[in-house]
Amino acid sequence: MLALDTNEIQSFVAGRWVTGAGEAIVSVCPAVPSRVVAEGPAAGAAEFDEAAAAARAAQPGWAAMPMHERGAVLLRAAAVLDAKADSWGLELAAEEGKTKAEGVAEVRRAAQILRYYGNEGDRQSGEMFSSPRRGEHILVTRKPVGVVGVITPFNFPIAIPAWKIAPALVYGNTVLWKPASTVPLLAMRLAQAFEAAGLPAGVLNLVVGDSRVGDAIVTDSRVDAVTFTGSTGVGRRVAAAGAARGVPVQAEMGGKNAAVVLDDADVDLAVEQVLLGAFRSTGQKCTATSRLVLTDGIADTFLSRLKNRADALVVGDPTADDTQMGPVVSELAFAAISAGIGRASAQGAVTIAGGHGYADGPLAGGYFIAPTIMELGTEAADLWTEELFGPVLAVRRAADIEEAFGLANDGEFGLSAAIFTKDLTQALRAVDCLDVGILHVNSESAGADPHVPFGGAKKSGLGPKEQGRAAREFFTHTTTVYLRGGEGT
Ligand code: UN1
């Protein structure tokens with residue numbers, strides 16, 4: 001077993017930790033890029049091949065194990081995560097850039113997800129239908145799909161893998177997993193928790209590497225289904241590759257989530273929630289609040305309060321206790337977000353807060369972007385429609401509720417939204433009118449409980465929803481059984 005505090009990057013293949021034959025990966029802290037968090041080689045083609053073969057070979061035995069026993073492994077892994085939450089949460093903050101408090105909370109969240117699915121054996125049920133024919137029942141049973149390819153993003157380095165891998169495993173699938181190459185250490189931590197929990201060899205295979213590993217997963221004939229979270233562009237390519245091979249793909253992709261604040265909203269509550277939605281995790285969530293729609297009567301007050309709160313956020317080293325917002329994940333992200341801010345200004349946006357990096361002072365050198373609020377006029381602006389995945393909030397004003405809902409629904413994404421009002425009638429109208437997969441009434445647009453469906457409307461996602469019972473739609477297939485006794489009547 002690998003030491004639980006190692007920071008030497010390895011892949012977990014067929015139940016063994018292997019030093020890959022691929023290129024060197026150096027995982028650095030985005031606050032201080034000279035600080036190395038983990039390093040080691042990526043997996044090479046031979047390790048990938050061994051991992052895929054191991055997943056295939058282990059699948060029938062794993063599926064044959066009673067679901068309660070599979071669940072027990074998940075529950076033991078959850079206990080490991082809970083026990084290591086403080087130290088692994090700190091590593092998460094150092095590797096990904098969200099704050100220590102967020103990092104620790106994320107490790108605990110991964111444990112909670114594992115517990116939810118670990119207990120799924122107690123809840124799992126098939127369905128039984130009456131038959132139009134005498135002496136017959138019709139029952140529907142669930143079976144695993146086989147080997148599931150899991151491709152996960154950087155922004156929740158342990159929670160998103162947990163919410164894909166846990167249902168995959170408990171329903172009897174084996175897994176071939178590629179995490180984002182910016183967060184290999186936290187991926188290793190999750191695999192280590194499973195190893196410590198006694199997961200049989202080959203059931204979970206972690207292959208560390210870049211997009212070539214992702215390509216190998218989606219094109220390998222030993223992979224029966226692929227679940228992906230990440231950018232819209234890559235998600236569509238994964239889905240196309242899956243379709244070409246005839247295998248199902250679940251893709252959770254972009255969001256451009258609006259918070260709508262109506263005139264009658266509780267301003268204090270709404271300001272705090274919009275602040276959390278926009279800037280927690282440095283805005284790097286598909287569910288983050290990246291658009292704000294204010295009705296005219298509340299707009300001035302709200303914006304000046306929000307600006308004051310954004311300006312006061314303590315931006316800094318994510319591993320420091322008093323930091324409220326860390327850096328973005330990488331130089332590439334920093335460049336793309338900075339360019340997006342520049343483009344918005346060129347297209348007429350007015351910067352209300354932030355809008356800059358930190359060229360001087362203690363944050364210089366890290367990938368820090370100030371909490372940014374930009375107000376748009378009525379002209380078309382990329383900032384209104386394109387996901388920037390950073391701490392940047394675009395604001396528009398609306399004359400009335402109809403206009404506000406229209407603005408919120410503007411664009412191709414429909415992951416989440418938030419509505420702030422004390423008027424139940426307006427809240428109910430939002431439920432009907434806002435075209436999203438997740439709607440928060442008087443709370444921020446991010447957040448997801450493990451027992452309820454997660455996923456978007458419109459072009460935010462493809463395939464069945466994640467989490468809760470919804471997950472089994474993707475991780476199982478059904479067999480409809482027409483069941484009669486064996487003797488003639
Ligand atoms: C959350 O809102 O807490 O990639 C989770 C993402 C989403 C997860 C959001 N799949 O940001």
# chains A, B, ... in the order shown; residues from 1 in each chain; ligands from 1
$ residues_near_ligand --ligand "ligand 1" --cutoff "7 Å" --atoms "only C-alpha atoms and all ligand atoms" --output "list in words"
Pro153, Asn155, Phe156, Ile160, Thr229, Gly230, Glu252, Gln284, Lys285, Cys286, Thr287, Ala288, Ala446, Gly447 and Ala448 of chain A
$ residues_around --residues "range 321-338 of chain A" --least-positions-apart "5" --cutoff "9 Å" --atoms "only C-alpha atoms" --output "ChimeraX atom specification"
/A:28-31,33,93,95-101,154-155,182,279-284,313-316,343,355-357,366-371,388-392
$ closest_residue --among "A:His477, A:Arg35, A:Lys84, A:Lys459" --to "Thr232 in chain A" --atoms "only C-alpha atoms"
A:Lys459
$ select_by_dssp --residues "range 260-319 of chain A" --states "strand (DSSP E)" --output "ChimeraX atom specification"
/A:260-261,289-295
$ write_last_selection --atoms "N, CA, C and O atoms" --output "PDB file, in the first residue's frame"
ATOM      1  N   VAL A 260     -31.014  36.165 -10.139  1.00  0.00           N
ATOM      2  CA  VAL A 260     -31.979  37.231 -10.425  1.00  0.00           C
ATOM      3  C   VAL A 260     -32.411  37.819  -9.084  1.00  0.00           C
ATOM      4  O   VAL A 260     -32.917  37.104  -8.221  1.00  0.00           O
ATOM      5  N   VAL A 261     -32.172  39.111  -8.910  1.00  0.00           N
ATOM      6  CA  VAL A 261     -32.551  39.748  -7.639  1.00  0.00           C
ATOM      7  C   VAL A 261     -33.676  40.732  -7.937  1.00  0.00           C
ATOM      8  O   VAL A 261     -33.494  41.702  -8.686  1.00  0.00           O
ATOM      9  N   THR A 289     -22.188  31.549  -9.834  1.00  0.00           N
ATOM     10  CA  THR A 289     -23.004  32.653 -10.340  1.00  0.00           C
ATOM     11  C   THR A 289     -22.105  33.539 -11.195  1.00  0.00           C
ATOM     12  O   THR A 289     -21.226  34.223 -10.682  1.00  0.00           O
ATOM     13  N   SER A 290     -22.317  33.504 -12.502  1.00  0.00           N
ATOM     14  CA  SER A 290     -21.471  34.326 -13.372  1.00  0.00           C
ATOM     15  C   SER A 290     -22.265  35.447 -14.032  1.00  0.00           C
ATOM     16  O   SER A 290     -21.696  36.295 -14.712  1.00  0.00           O
ATOM     17  N   ARG A 291     -23.595  35.420 -13.815  1.00  0.00           N
ATOM     18  CA  ARG A 291     -24.413  36.530 -14.323  1.00  0.00           C
ATOM     19  C   ARG A 291     -25.357  36.971 -13.214  1.00  0.00           C
ATOM     20  O   ARG A 291     -25.873  36.154 -12.442  1.00  0.00           O
ATOM     21  N   LEU A 292     -25.586  38.279 -13.187  1.00  0.00           N
ATOM     22  CA  LEU A 292     -26.476  38.846 -12.170  1.00  0.00           C
ATOM     23  C   LEU A 292     -27.481  39.741 -12.886  1.00  0.00           C
ATOM     24  O   LEU A 292     -27.090  40.601 -13.677  1.00  0.00           O
ATOM     25  N   VAL A 293     -28.757  39.509 -12.615  1.00  0.00           N
ATOM     26  CA  VAL A 293     -29.807  40.329 -13.210  1.00  0.00           C
ATOM     27  C   VAL A 293     -30.518  41.053 -12.070  1.00  0.00           C
ATOM     28  O   VAL A 293     -31.035  40.413 -11.144  1.00  0.00           O
ATOM     29  N   LEU A 294     -30.522  42.379 -12.155  1.00  0.00           N
ATOM     30  CA  LEU A 294     -31.125  43.182 -11.083  1.00  0.00           C
ATOM     31  C   LEU A 294     -32.299  43.957 -11.655  1.00  0.00           C
ATOM     32  O   LEU A 294     -32.159  44.616 -12.707  1.00  0.00           O
ATOM     33  N   THR A 295     -33.426  43.912 -10.954  1.00  0.00           N
ATOM     34  CA  THR A 295     -34.507  44.780 -11.415  1.00  0.00           C
ATOM     35  C   THR A 295     -34.193  46.206 -10.958  1.00  0.00           C
ATOM     36  O   THR A 295     -33.493  46.426  -9.951  1.00  0.00           O
TER      37      THR A 295
END
$ closest_residue --among "A:Glu23, A:Asp122, A:Glu136, A:Asp360" --to "Gly488 in chain A" --atoms "only C-alpha atoms"
A:Glu136
